[in-house]
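Visitor: Data: work-v4.cif, mmCIF, C-alpha atoms.
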data_model
loop_
_atom_site.group_PDB
_atom_site.id
_atom_site.type_symbol
_atom_site.label_atom_id
_atom_site.label_comp_id
_atom_site.auth_asym_id
_atom_site.auth_seq_id
_atom_site.Cartn_x
_atom_site.Cartn_y
_atom_site.Cartn_z
ATOM 1 C CA MET A 1 -25.580 18.497 -4.548
ATOM 2 C CA ASN A 2 -23.861 18.723 -7.939
ATOM 3 C CA CYS A 3 -21.370 16.313 -9.540
ATOM 4 C CA THR A 4 -18.311 18.121 -8.134
ATOM 5 C CA ASP A 5 -19.735 17.997 -4.585
ATOM 6 C CA PHE A 6 -20.545 14.339 -5.093
ATOM 7 C CA LEU A 7 -17.034 13.520 -6.288
ATOM 8 C CA ALA A 8 -15.562 15.174 -3.202
ATOM 9 C CA LYS A 9 -17.566 12.780 -1.031
ATOM 10 C CA LEU A 10 -16.902 9.646 -3.080
ATOM 11 C CA THR A 11 -14.126 8.225 -0.878
ATOM 12 C CA ASP A 12 -16.145 8.711 2.306
ATOM 13 C CA TYR A 13 -19.167 7.209 0.545
ATOM 14 C CA PHE A 14 -17.220 4.067 -0.388
ATOM 15 C CA ASP A 15 -15.814 3.839 3.140
ATOM 16 C CA GLY A 16 -19.250 4.213 4.714
ATOM 17 C CA ARG A 17 -17.961 7.248 6.597
ATOM 18 C CA ILE A 18 -20.682 9.665 5.770
ATOM 19 C CA ASP A 19 -23.383 11.020 8.069
ATOM 20 C CA SER A 20 -27.019 10.219 7.379
ATOM 21 C CA ASP A 21 -28.014 13.695 6.100
ATOM 22 C CA LEU A 22 -25.177 13.763 3.600
ATOM 23 C CA LEU A 23 -25.845 10.153 2.629
ATOM 24 C CA ALA A 24 -29.425 11.092 1.746
ATOM 25 C CA GLU A 25 -28.107 13.904 -0.462
ATOM 26 C CA VAL A 26 -25.632 11.546 -2.132
ATOM 27 C CA LYS A 27 -28.341 8.973 -2.827
ATOM 28 C CA GLN A 28 -30.632 11.656 -4.167
ATOM 29 C CA HIS A 29 -27.886 12.839 -6.534
ATOM 30 C CA LEU A 30 -27.264 9.272 -7.722
ATOM 31 C CA CYS A 31 -30.963 8.880 -8.521
ATOM 32 C CA THR A 32 -30.847 11.873 -10.829
ATOM 33 C CA CYS A 33 -27.334 11.694 -12.353
ATOM 34 C CA HIS A 34 -26.602 8.728 -14.572
ATOM 35 C CA HIS A 35 -22.967 9.780 -15.096
ATOM 36 C CA CYS A 36 -22.229 9.694 -11.370
ATOM 37 C CA GLU A 37 -24.102 6.399 -11.038
ATOM 38 C CA VAL A 38 -21.800 4.929 -13.699
ATOM 39 C CA VAL A 39 -18.720 6.377 -11.955
ATOM 40 C CA VAL A 40 -19.751 4.757 -8.654
ATOM 41 C CA ASP A 41 -20.500 1.407 -10.270
ATOM 42 C CA THR A 42 -17.324 1.216 -12.341
ATOM 43 C CA THR A 43 -15.066 2.549 -9.576
ATOM 44 C CA ARG A 44 -16.448 -0.077 -7.212
ATOM 45 C CA LYS A 45 -15.787 -2.736 -9.862
ATOM 46 C CA THR A 46 -12.250 -1.397 -10.307
ATOM 47 C CA ILE A 47 -11.555 -1.889 -6.599
ATOM 48 C CA ASP A 48 -13.219 -5.323 -6.521
ATOM 49 C CA ILE A 49 -11.295 -6.566 -9.552
ATOM 50 C CA TYR A 50 -7.935 -5.520 -8.076
ATOM 51 C CA ARG A 51 -8.830 -7.072 -4.718
ATOM 52 C CA GLY A 52 -9.956 -10.310 -6.315
ATOM 53 C CA HIS A 53 -7.149 -10.688 -8.840
ATOM 54 C CA GLU A 54 -3.900 -9.603 -7.206
ATOM 55 C CA PRO A 55 -1.528 -9.450 -10.184
ATOM 56 C CA TYR A 56 1.599 -9.939 -8.089
ATOM 57 C CA ASP A 57 1.934 -13.029 -5.968
ATOM 58 C CA LEU A 58 4.907 -14.543 -4.194
ATOM 59 C CA PRO A 59 5.494 -18.107 -5.405
ATOM 60 C CA GLU A 60 6.118 -20.653 -2.650
ATOM 61 C CA ASP A 61 9.656 -21.498 -3.790
ATOM 62 C CA LEU A 62 10.653 -17.827 -3.856
ATOM 63 C CA SER A 63 9.020 -17.313 -0.459
ATOM 64 C CA THR A 64 11.100 -20.138 1.027
ATOM 65 C CA ARG A 65 14.296 -18.839 -0.580
ATOM 66 C CA LEU A 66 13.730 -15.298 0.690
ATOM 67 C CA ARG A 67 12.854 -16.445 4.200
ATOM 68 C CA THR A 68 15.963 -18.637 4.388
ATOM 69 C CA ALA A 69 18.159 -15.738 3.242
ATOM 70 C CA ILE A 70 16.564 -13.344 5.756
ATOM 71 C CA MET A 71 17.000 -15.755 8.660
ATOM 72 C CA GLU A 72 20.657 -16.336 7.718
ATOM 73 C CA ARG A 73 21.310 -12.582 7.681
ATOM 74 C CA CYS A 74 19.583 -12.169 11.041
ATOM 75 C CA LYS A 75 21.538 -15.022 12.621
ATOM 76 C CA ALA A 76 24.828 -13.655 11.260
ATOM 77 C CA SER A 77 24.077 -10.217 12.718
ATOM 78 C CA GLY A 78 23.432 -11.575 16.241
ATOM 79 C CA SER A 79 20.784 -9.860 18.365
ATOM 80 C CA PRO A 80 18.612 -6.828 17.535
ATOM 81 C CA GLU A 81 20.223 -3.499 18.362
ATOM 82 C CA PRO A 82 19.451 -2.011 21.793
ATOM 83 C CA ALA A 83 16.427 0.306 21.743
ATOM 84 C CA ASN A 84 18.531 3.423 22.327
ATOM 85 C CA ALA A 85 21.140 2.613 19.654
ATOM 86 C CA ALA A 86 19.749 5.052 17.090
ATOM 87 C CA SER A 87 19.523 8.010 19.451
ATOM 88 C CA ALA A 88 22.955 7.224 20.933
ATOM 89 C CA HIS A 89 24.394 7.127 17.419
ATOM 90 C CA LYS A 90 22.891 10.521 16.644
ATOM 91 C CA ARG A 91 24.227 12.046 19.877
ATOM 92 C CA HIS A 92 27.772 10.895 19.097
ATOM 93 C CA SER A 93 27.764 11.775 15.412
ATOM 94 C CA MET B 1 34.060 11.256 8.151
ATOM 95 C CA ALA B 2 30.648 10.365 6.836
ATOM 96 C CA SER B 3 28.634 7.968 8.899
ATOM 97 C CA PRO B 4 28.355 4.427 7.512
ATOM 98 C CA THR B 5 24.673 4.465 8.426
ATOM 99 C CA PRO B 6 22.617 3.248 5.449
ATOM 100 C CA ILE B 7 20.714 5.908 3.509
ATOM 101 C CA ALA B 8 17.497 4.323 4.717
ATOM 102 C CA ASP B 9 18.136 5.455 8.267
ATOM 103 C CA ASP B 10 18.347 9.080 7.158
ATOM 104 C CA LEU B 11 14.937 8.864 5.522
ATOM 105 C CA LEU B 12 13.200 6.441 7.781
ATOM 106 C CA ASN B 13 12.255 7.285 11.293
ATOM 107 C CA LEU B 14 11.641 3.871 12.767
ATOM 108 C CA THR B 15 10.090 5.237 15.916
ATOM 109 C CA GLU B 16 6.328 4.929 15.869
ATOM 110 C CA PRO B 17 3.932 7.829 15.560
ATOM 111 C CA ASP B 18 0.872 7.927 17.778
ATOM 112 C CA GLU B 19 -1.669 5.283 16.950
ATOM 113 C CA PRO B 20 -4.797 6.593 15.177
ATOM 114 C CA GLU B 21 -7.658 7.017 17.626
ATOM 115 C CA ALA B 22 -9.888 4.486 15.880
ATOM 116 C CA ALA B 23 -7.188 1.842 16.095
ATOM 117 C CA VAL B 24 -6.592 2.513 19.787
ATOM 118 C CA ALA B 25 -10.306 2.198 20.525
ATOM 119 C CA ALA B 26 -10.440 -1.107 18.638
ATOM 120 C CA ALA B 27 -7.385 -2.511 20.372
ATOM 121 C CA ASP B 28 -8.976 -3.964 23.460
ATOM 122 C CA ALA B 29 -7.030 -7.212 23.357
ATOM 123 C CA PRO B 30 -3.291 -7.289 22.663
ATOM 124 C CA HIS B 31 -2.535 -8.098 19.028
ATOM 125 C CA PRO B 32 -1.104 -11.629 18.665
ATOM 126 C CA ASP B 33 1.924 -10.173 16.849
ATOM 127 C CA LEU B 34 3.051 -8.517 20.073
ATOM 128 C CA GLU B 35 3.846 -11.857 21.670
ATOM 129 C CA LEU B 36 5.809 -12.937 18.573
ATOM 130 C CA VAL B 37 7.711 -9.645 18.642
ATOM 131 C CA ALA B 38 8.494 -10.045 22.357
ATOM 132 C CA ARG B 39 9.743 -13.585 21.778
ATOM 133 C CA SER B 40 11.810 -12.401 18.804
ATOM 134 C CA LYS B 41 13.400 -9.698 20.921
ATOM 135 C CA ALA B 42 14.287 -12.396 23.477
ATOM 136 C CA GLY B 43 16.134 -14.370 20.801
ATOM 137 C CA ASP B 44 13.439 -16.812 19.629
ATOM 138 C CA SER B 45 14.242 -17.085 15.934
ATOM 139 C CA ALA B 46 11.178 -19.286 15.259
ATOM 140 C CA ALA B 47 8.955 -16.418 16.420
ATOM 141 C CA PHE B 48 10.622 -13.991 14.020
ATOM 142 C CA GLU B 49 10.367 -16.531 11.202
ATOM 143 C CA GLN B 50 6.634 -16.749 11.935
ATOM 144 C CA LEU B 51 6.341 -12.960 11.553
ATOM 145 C CA ILE B 52 8.145 -13.200 8.208
ATOM 146 C CA LYS B 53 5.731 -15.914 7.049
ATOM 147 C CA GLN B 54 2.755 -13.788 8.026
ATOM 148 C CA TYR B 55 3.830 -10.626 6.225
ATOM 149 C CA GLU B 56 6.314 -11.557 3.477
ATOM 150 C CA ARG B 57 3.610 -11.618 0.799
ATOM 151 C CA GLN B 58 2.246 -8.227 1.786
ATOM 152 C CA ILE B 59 5.742 -6.708 1.877
ATOM 153 C CA PHE B 60 6.748 -8.305 -1.435
ATOM 154 C CA ARG B 61 3.564 -7.131 -3.192
ATOM 155 C CA THR B 62 3.889 -3.628 -1.782
ATOM 156 C CA ALA B 63 7.503 -3.375 -2.944
ATOM 157 C CA LEU B 64 6.640 -4.782 -6.366
ATOM 158 C CA HIS B 65 3.707 -2.400 -6.837
ATOM 159 C CA ILE B 66 5.911 0.586 -6.006
ATOM 160 C CA THR B 67 9.086 -0.401 -7.869
ATOM 161 C CA GLN B 68 7.463 -2.383 -10.709
ATOM 162 C CA ASN B 69 10.591 -4.542 -10.669
ATOM 163 C CA ARG B 70 10.595 -8.127 -9.398
ATOM 164 C CA GLU B 71 14.316 -8.284 -8.544
ATOM 165 C CA ASP B 72 14.073 -5.050 -6.587
ATOM 166 C CA ALA B 73 11.027 -6.380 -4.734
ATOM 167 C CA GLU B 74 12.936 -9.527 -3.746
ATOM 168 C CA ASP B 75 15.877 -7.489 -2.442
ATOM 169 C CA ILE B 76 13.567 -5.068 -0.650
ATOM 170 C CA THR B 77 11.660 -7.900 1.045
ATOM 171 C CA GLN B 78 14.935 -9.219 2.444
ATOM 172 C CA ASP B 79 16.108 -5.765 3.487
ATOM 173 C CA VAL B 80 12.808 -4.887 5.179
ATOM 174 C CA PHE B 81 12.785 -7.919 7.429
ATOM 175 C CA PHE B 82 16.495 -7.664 8.166
ATOM 176 C CA LYS B 83 16.143 -4.000 9.073
ATOM 177 C CA ALA B 84 13.056 -4.790 11.168
ATOM 178 C CA PHE B 85 15.060 -7.447 13.019
ATOM 179 C CA GLN B 86 17.919 -5.049 13.685
ATOM 180 C CA LYS B 87 15.559 -2.302 14.899
ATOM 181 C CA LEU B 88 13.121 -4.613 16.694
ATOM 182 C CA ASN B 89 13.775 -2.974 20.055
ATOM 183 C CA GLN B 90 12.552 0.341 18.641
ATOM 184 C CA PHE B 91 9.139 -1.202 18.067
ATOM 185 C CA GLN B 92 7.141 -0.600 21.216
ATOM 186 C CA GLY B 93 3.722 -1.795 20.017
ATOM 187 C CA ASN B 94 2.174 1.654 19.697
ATOM 188 C CA SER B 95 1.135 0.815 16.141
ATOM 189 C CA LYS B 96 0.487 -2.488 14.397
ATOM 190 C CA PHE B 97 3.656 -4.451 13.619
ATOM 191 C CA SER B 98 2.408 -4.876 10.037
ATOM 192 C CA THR B 99 2.020 -1.098 9.611
ATOM 193 C CA TRP B 100 5.555 -0.614 10.935
ATOM 194 C CA LEU B 101 6.830 -3.154 8.390
ATOM 195 C CA VAL B 102 4.900 -1.524 5.530
ATOM 196 C CA ARG B 103 6.378 1.836 6.484
ATOM 197 C CA ILE B 104 9.885 0.380 6.178
ATOM 198 C CA ALA B 105 8.926 -1.273 2.875
ATOM 199 C CA VAL B 106 7.592 1.957 1.378
ATOM 200 C CA ASN B 107 10.754 3.845 2.304
ATOM 201 C CA GLU B 108 13.046 1.111 1.011
ATOM 202 C CA SER B 109 11.052 0.956 -2.229
ATOM 203 C CA LEU B 110 11.147 4.711 -2.806
ATOM 204 C CA MET B 111 14.898 4.701 -2.126
ATOM 205 C CA ARG B 112 15.299 1.981 -4.712
ATOM 206 C CA LEU B 113 13.424 4.098 -7.257
ATOM 207 C CA ARG B 114 15.694 7.050 -6.498
ATOM 208 C CA LYS B 115 18.771 4.910 -7.062
ATOM 209 C CA ARG B 116 17.469 3.711 -10.414
ATOM 210 C CA LYS B 117 18.817 6.427 -12.672
ATOM 211 C CA THR B 118 16.383 5.804 -15.459
ATOM 212 C CA GLN B 119 13.352 6.142 -13.212
ATOM 213 C CA ARG B 120 11.622 9.429 -13.901
ATOM 214 C CA THR B 121 9.422 9.674 -10.842
ATOM 215 C CA VAL B 122 10.969 8.903 -7.500
ATOM 216 C CA SER B 123 8.920 10.629 -4.863
ATOM 217 C CA MET B 124 5.587 10.183 -3.151
ATOM 218 C CA ASP B 125 4.970 13.842 -3.898
ATOM 219 C CA GLN B 126 6.005 13.935 -7.530
ATOM 220 C CA ASP B 127 3.307 13.872 -10.186
ATOM 221 C CA VAL B 128 0.447 14.013 -7.689
ATOM 222 C CA GLU B 129 -0.601 17.444 -8.870
ATOM 223 C CA THR B 130 -1.510 16.157 -12.291
ATOM 224 C CA GLU B 131 -5.057 16.869 -13.342
ATOM 225 C CA GLU B 132 -5.296 13.600 -15.231
ATOM 226 C CA GLY B 133 -8.115 11.509 -13.863
ATOM 227 C CA ALA B 134 -9.210 14.122 -11.346
ATOM 228 C CA ILE B 135 -12.458 14.539 -13.234
ATOM 229 C CA PRO B 136 -14.170 11.522 -14.802
ATOM 230 C CA ARG B 137 -14.436 11.695 -18.596
ATOM 231 C CA ASP B 138 -15.567 8.197 -19.457
ATOM 232 C CA PHE B 139 -19.183 7.438 -18.597
ATOM 233 C CA ALA B 140 -19.551 4.153 -20.437
ATOM 234 C CA GLU B 141 -21.207 1.354 -18.512
ATOM 235 C CA TRP B 142 -19.243 -1.859 -18.004
ATOM 236 C CA ARG B 143 -20.374 -5.391 -18.616
ATOM 237 C CA PRO B 144 -21.731 -7.180 -15.490
ATOM 238 C CA ASN B 145 -18.593 -9.307 -14.890
ATOM 239 C CA PRO B 146 -16.164 -7.677 -17.290
ATOM 240 C CA GLU B 147 -13.066 -9.545 -16.085
ATOM 241 C CA GLN B 148 -14.600 -12.841 -17.188
ATOM 242 C CA ASN B 149 -14.016 -11.910 -20.812
ATOM 243 C CA TYR B 150 -10.289 -12.459 -20.294
ATOM 244 C CA ASN B 151 -8.296 -15.474 -19.164
ATOM 245 C CA GLN B 152 -6.219 -15.236 -15.999
ATOM 246 C CA ALA B 153 -2.967 -14.314 -17.733
ATOM 247 C CA GLU B 154 -4.627 -11.659 -19.909
ATOM 248 C CA LEU B 155 -6.396 -10.124 -16.939
ATOM 249 C CA ALA B 156 -3.204 -10.081 -14.848
ATOM 250 C CA GLU B 157 -1.411 -8.298 -17.691
ATOM 251 C CA ILE B 158 -4.202 -5.719 -17.997
ATOM 252 C CA LEU B 159 -4.172 -5.053 -14.245
ATOM 253 C CA ARG B 160 -0.357 -4.825 -14.114
ATOM 254 C CA LYS B 161 -0.176 -2.524 -17.118
ATOM 255 C CA THR B 162 -2.940 -0.304 -15.798
ATOM 256 C CA ILE B 163 -1.612 0.186 -12.281
ATOM 257 C CA ALA B 164 1.960 0.605 -13.574
ATOM 258 C CA GLY B 165 0.789 3.707 -15.442
ATOM 259 C CA LEU B 166 -0.103 5.535 -12.237
ATOM 260 C CA PRO B 167 2.390 7.918 -10.618
ATOM 261 C CA PRO B 168 4.135 6.208 -7.628
ATOM 262 C CA GLY B 169 2.329 8.464 -5.140
ATOM 263 C CA PHE B 170 -1.070 7.293 -6.363
ATOM 264 C CA ARG B 171 -0.005 3.688 -6.971
ATOM 265 C CA THR B 172 1.295 3.338 -3.420
ATOM 266 C CA VAL B 173 -1.831 4.732 -1.779
ATOM 267 C CA PHE B 174 -4.114 2.523 -3.903
ATOM 268 C CA THR B 175 -1.964 -0.551 -3.162
ATOM 269 C CA LEU B 176 -1.979 -0.062 0.596
ATOM 270 C CA ARG B 177 -5.580 1.057 0.918
ATOM 271 C CA ASP B 178 -7.425 -1.042 -1.649
ATOM 272 C CA ILE B 179 -5.237 -4.083 -2.260
ATOM 273 C CA GLU B 180 -3.579 -4.588 1.123
ATOM 274 C CA ASN B 181 -6.675 -3.377 2.989
ATOM 275 C CA LEU B 182 -4.949 -0.944 5.334
ATOM 276 C CA SER B 183 -7.284 1.632 6.828
ATOM 277 C CA THR B 184 -7.009 5.245 5.710
ATOM 278 C CA GLU B 185 -5.328 6.064 9.031
ATOM 279 C CA GLU B 186 -2.860 3.175 8.750
ATOM 280 C CA THR B 187 -2.039 4.182 5.177
ATOM 281 C CA ALA B 188 -1.412 7.746 6.322
ATOM 282 C CA GLU B 189 0.830 6.473 9.098
ATOM 283 C CA ALA B 190 2.766 4.145 6.808
ATOM 284 C CA LEU B 191 3.375 6.900 4.245
ATOM 285 C CA GLY B 192 3.872 9.816 6.598
ATOM 286 C CA LEU B 193 0.938 11.629 4.973
ATOM 287 C CA SER B 194 -2.110 13.353 6.444
ATOM 288 C CA VAL B 195 -5.480 11.583 6.272
ATOM 289 C CA PRO B 196 -6.886 14.210 3.837
ATOM 290 C CA ALA B 197 -3.838 13.721 1.581
ATOM 291 C CA VAL B 198 -4.411 9.956 1.542
ATOM 292 C CA LYS B 199 -8.096 10.437 0.716
ATOM 293 C CA SER B 200 -7.297 12.852 -2.097
ATOM 294 C CA ARG B 201 -4.695 10.556 -3.660
ATOM 295 C CA LEU B 202 -6.910 7.516 -3.232
ATOM 296 C CA LEU B 203 -9.771 9.210 -5.074
ATOM 297 C CA ARG B 204 -7.524 10.185 -7.964
ATOM 298 C CA ALA B 205 -5.888 6.762 -8.106
ATOM 299 C CA ARG B 206 -9.252 5.015 -8.196
ATOM 300 C CA LEU B 207 -10.624 7.355 -10.863
ATOM 301 C CA GLN B 208 -7.529 7.046 -13.047
ATOM 302 C CA LEU B 209 -7.569 3.246 -12.827
ATOM 303 C CA ARG B 210 -11.296 3.264 -13.628
ATOM 304 C CA GLU B 211 -10.748 5.376 -16.740
ATOM 305 C CA ARG B 212 -7.914 3.140 -17.926
ATOM 306 C CA LEU B 213 -9.753 -0.132 -17.260
ATOM 307 C CA SER B 214 -12.855 1.172 -19.003
ATOM 308 C CA ARG B 215 -11.272 0.699 -22.415
ATOM 309 C CA TYR B 216 -11.175 -3.070 -21.711
ATOM 310 C CA PHE B 217 -14.358 -3.540 -19.715
ATOM 311 C CA ARG B 218 -16.950 -1.235 -21.269
ATOM 312 C CA LYS B 219 -20.072 -2.615 -22.868
ATOM 313 C CA GLY B 220 -19.735 -3.291 -26.561
ATOM 314 C CA ASN B 221 -16.019 -4.018 -26.202
ATOM 315 C CA GLU B 222 -16.351 -7.769 -25.669
ATOM 316 C CA GLY B 223 -13.911 -8.802 -28.349
ATOM 317 C CA SER B 224 -11.264 -6.130 -27.862
ATOM 318 C CA LYS B 225 -8.104 -6.967 -25.920
#
Here is the file; what I need is its structure written in the form of structure tokens.

Guide:
Amino acid sequence: MNCTDFLAKLTDYFDGRIDSDLLAEVKQHLCTCHHCEVVVDTTRKTIDIYRGHEPYDLPEDLSTRLRTAIMERCKASGSPEPANAASAHKRHS
Amino acid sequence: MASPTPIADDLLNLTEPDEPEAAVAAADAPHPDLELVARSKAGDSAAFEQLIKQYERQIFRTALHITQNREDAEDITQDVFFKAFQKLNQFQGNSKFSTWLVRIAVNESLMRLRKRKTQRTVSMDQDVETEEGAIPRDFAEWRPNPEQNYNQAELAEILRKTIAGLPPGFRTVFTLRDIENLSTEETAEALGLSVPAVKSRLLRARLQLRERLSRYFRKGNEGSK
């Protein structure tokens, strides 16, 4: 396995969706290629940092304001449309 | 005369595609959302409000990651849940309710980008052919806990700036798959992409983010911000 082959398997490797034979090849490549070892380590850290430090959160006051506005719009509109409304609309248009 | 149907309905097929096989196999017990959806359809507004509470953060973050505009994300969050309420009877439970919501959110967000005249990239498909980041160039090791060198506000700014630099097609896949923890199959379903296309974009998104973060987190760069 060379670096290009390894890169093609990187997503499956991270997801644990790789069969045992291929996994052995991947691990063997990582033992011999420092560049790919660094890529795996730093890519994993990239994912972990984004997961652990979500840069966009919804403040509680904004959450309440949005939810109130949504519920008011829903109440004003009445009930959900019948299930066949979209297809009926298309047939008549 | 032109139909008054919102643009979203032209782009968004709210009917559900077939559930990915893995998800079907895992779905032995009915998902708790299904009862809330059934009660909402029957007119129980508290049940629908509960669904909003459960998913408003995910929808808001998804919209904000795609549009990079807080006001747009607020509007989109409202529109997504209102549209979901209107079309609730089209949801038959063949996919997760949350995936159905995310699908609406992605479409609403991309429409918003198209409407914004100054926005250069407006499509999931645009800019994904770039070679940037397809092959790693930076092989510097990072410090053990590199994010600890920055305070919370600095780190948030770095993460925002870095992900904002990705093309929307990559940013959206990374957001759904790695931040919102959707499976590859759910991400494909939400975006109307094939599984191989999601994997390809995810790899490039991860590698591009890695390259860009490396300038802040690499060893020997402790004092640089």

Visitor: Determine the residue set returned by the PyMOL selection byres ((chain A and resi 34-44) around 7) for the present structure, and present it as a list in words.

Guide: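 Given this file, the PyMOL selection byres ((chain A and resi 34-44) around 7) evaluates to Cys3, Leu30, Thr32, Cys33, Lys45, Thr46, Ile47 and Asp48 of chain A; Phe139, Glu141, Trp142, Arg206, Leu207 and Arg210 of chain B.
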
Visitor: Once you count all atoms listed in the file, which residues of chain B turn out to be within 8 Å of chain A? Could you give them as a CSV table (one decimal) with C-alpha atoms, keeping the file's coordinate frame?

Guide:
chain,number,residue,atom,x,y,z
B,3,SER,CA,28.6,8.0,8.9
B,41,LYS,CA,13.4,-9.7,20.9
B,43,GLY,CA,16.1,-14.4,20.8
B,45,SER,CA,14.2,-17.1,15.9
B,49,GLU,CA,10.4,-16.5,11.2
B,52,ILE,CA,8.1,-13.2,8.2
B,53,LYS,CA,5.7,-15.9,7.0
B,56,GLU,CA,6.3,-11.6,3.5
B,57,ARG,CA,3.6,-11.6,0.8
B,60,PHE,CA,6.7,-8.3,-1.4
B,61,ARG,CA,3.6,-7.1,-3.2
B,64,LEU,CA,6.6,-4.8,-6.4
B,65,HIS,CA,3.7,-2.4,-6.8
B,74,GLU,CA,12.9,-9.5,-3.7
B,77,THR,CA,11.7,-7.9,1.0
B,78,GLN,CA,14.9,-9.2,2.4
B,79,ASP,CA,16.1,-5.8,3.5
B,81,PHE,CA,12.8,-7.9,7.4
B,82,PHE,CA,16.5,-7.7,8.2
B,85,PHE,CA,15.1,-7.4,13.0
B,86,GLN,CA,17.9,-5.0,13.7
B,87,LYS,CA,15.6,-2.3,14.9
B,88,LEU,CA,13.1,-4.6,16.7
B,89,ASN,CA,13.8,-3.0,20.1
B,90,GLN,CA,12.6,0.3,18.6
B,136,PRO,CA,-14.2,11.5,-14.8
B,139,PHE,CA,-19.2,7.4,-18.6
B,140,ALA,CA,-19.6,4.2,-20.4
B,141,GLU,CA,-21.2,1.4,-18.5
B,142,TRP,CA,-19.2,-1.9,-18.0
B,147,GLU,CA,-13.1,-9.5,-16.1
B,156,ALA,CA,-3.2,-10.1,-14.8
B,157,GLU,CA,-1.4,-8.3,-17.7
B,159,LEU,CA,-4.2,-5.1,-14.2
B,160,ARG,CA,-0.4,-4.8,-14.1
B,178,ASP,CA,-7.4,-1.0,-1.6
B,179,ILE,CA,-5.2,-4.1,-2.3
B,199,LYS,CA,-8.1,10.4,0.7
B,202,LEU,CA,-6.9,7.5,-3.2
B,203,LEU,CA,-9.8,9.2,-5.1
B,206,ARG,CA,-9.3,5.0,-8.2
B,207,LEU,CA,-10.6,7.4,-10.9
B,209,LEU,CA,-7.6,3.2,-12.8
B,210,ARG,CA,-11.3,3.3,-13.6
B,213,LEU,CA,-9.8,-0.1,-17.3

Visitor: Between atom CA of B:Pro196 and atom CA of B:Val102, what is the distance in Å, rounded to a tenth?

Guide: 19.7 Å

Visitor: Go ahead and compute the interatomic distance for atom CA of B:Ala188 and atom CA of A:Asp5, in Å to one decimal.

Guide: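 Rounded to one decimal, the two atoms are 23.7 Å apart.
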
Visitor: As AutoDock Vina command-line options, please report the centre and edge lengths, rounded to one decimal in Å, of the axis-aligned box that holds all listed atoms of stretch 158-171 of chain B with 4 Å of padding on each of the six sides.

Guide:
--center_x 0.0 --center_y 1.4 --center_z -11.6 --size_x 16.3 --size_y 22.2 --size_z 20.9

Visitor: Any idea what the distance is between atom CA of A:Tyr13 and atom CA of B:Arg204?

Guide: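 Value for the atom CA of A:Tyr13-atom CA of B:Arg204 distance: 14.7 Å.
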
Visitor: Could you write out as a list in words the residues that the PyMOL selection byres ((chain A and resi 22) around 12) matches in the shown file?

Guide: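 Evaluating the PyMOL selection byres ((chain A and resi 22) around 12) on these coordinates yields Met1, Asp5, Phe6, Ala8, Lys9, Leu10, Asp12, Tyr13, Gly16, Arg17, Ile18, Asp19, Ser20, Asp21, Leu23, Ala24, Glu25, Val26, Lys27, Gln28 and His29 of chain A.
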
Visitor: Let's have the selection written as a PDB file, in the coordinates of the input, with C-alpha atoms.

Guide:
ATOM      1  CA  MET A   1     -25.580  18.497  -4.548  1.00  0.00           C
ATOM      2  CA  ASP A   5     -19.735  17.997  -4.585  1.00  0.00           C
ATOM      3  CA  PHE A   6     -20.545  14.339  -5.093  1.00  0.00           C
ATOM      4  CA  ALA A   8     -15.562  15.174  -3.202  1.00  0.00           C
ATOM      5  CA  LYS A   9     -17.566  12.780  -1.031  1.00  0.00           C
ATOM      6  CA  LEU A  10     -16.902   9.646  -3.080  1.00  0.00           C
ATOM      7  CA  ASP A  12     -16.145   8.711   2.306  1.00  0.00           C
ATOM      8  CA  TYR A  13     -19.167   7.209   0.545  1.00  0.00           C
ATOM      9  CA  GLY A  16     -19.250   4.213   4.714  1.00  0.00           C
ATOM     10  CA  ARG A  17     -17.961   7.248   6.597  1.00  0.00           C
ATOM     11  CA  ILE A  18     -20.682   9.665   5.770  1.00  0.00           C
ATOM     12  CA  ASP A  19     -23.383  11.020   8.069  1.00  0.00           C
ATOM     13  CA  SER A  20     -27.019  10.219   7.379  1.00  0.00           C
ATOM     14  CA  ASP A  21     -28.014  13.695   6.100  1.00  0.00           C
ATOM     15  CA  LEU A  23     -25.845  10.153   2.629  1.00  0.00           C
ATOM     16  CA  ALA A  24     -29.425  11.092   1.746  1.00  0.00           C
ATOM     17  CA  GLU A  25     -28.107  13.904  -0.462  1.00  0.00           C
ATOM     18  CA  VAL A  26     -25.632  11.546  -2.132  1.00  0.00           C
ATOM     19  CA  LYS A  27     -28.341   8.973  -2.827  1.00  0.00           C
ATOM     20  CA  GLN A  28     -30.632  11.656  -4.167  1.00  0.00           C
ATOM     21  CA  HIS A  29     -27.886  12.839  -6.534  1.00  0.00           C
TER      22      HIS A  29
END

Visitor: What would the selection look like, as a ChimeraX atom specification, if the PyMOL selection byres ((chain B and resi 66) around 9) were run on the coordinates I just shared?

Guide: /B:61-65,67-69,73,106,109-110,113,164,168-169,171-172,175
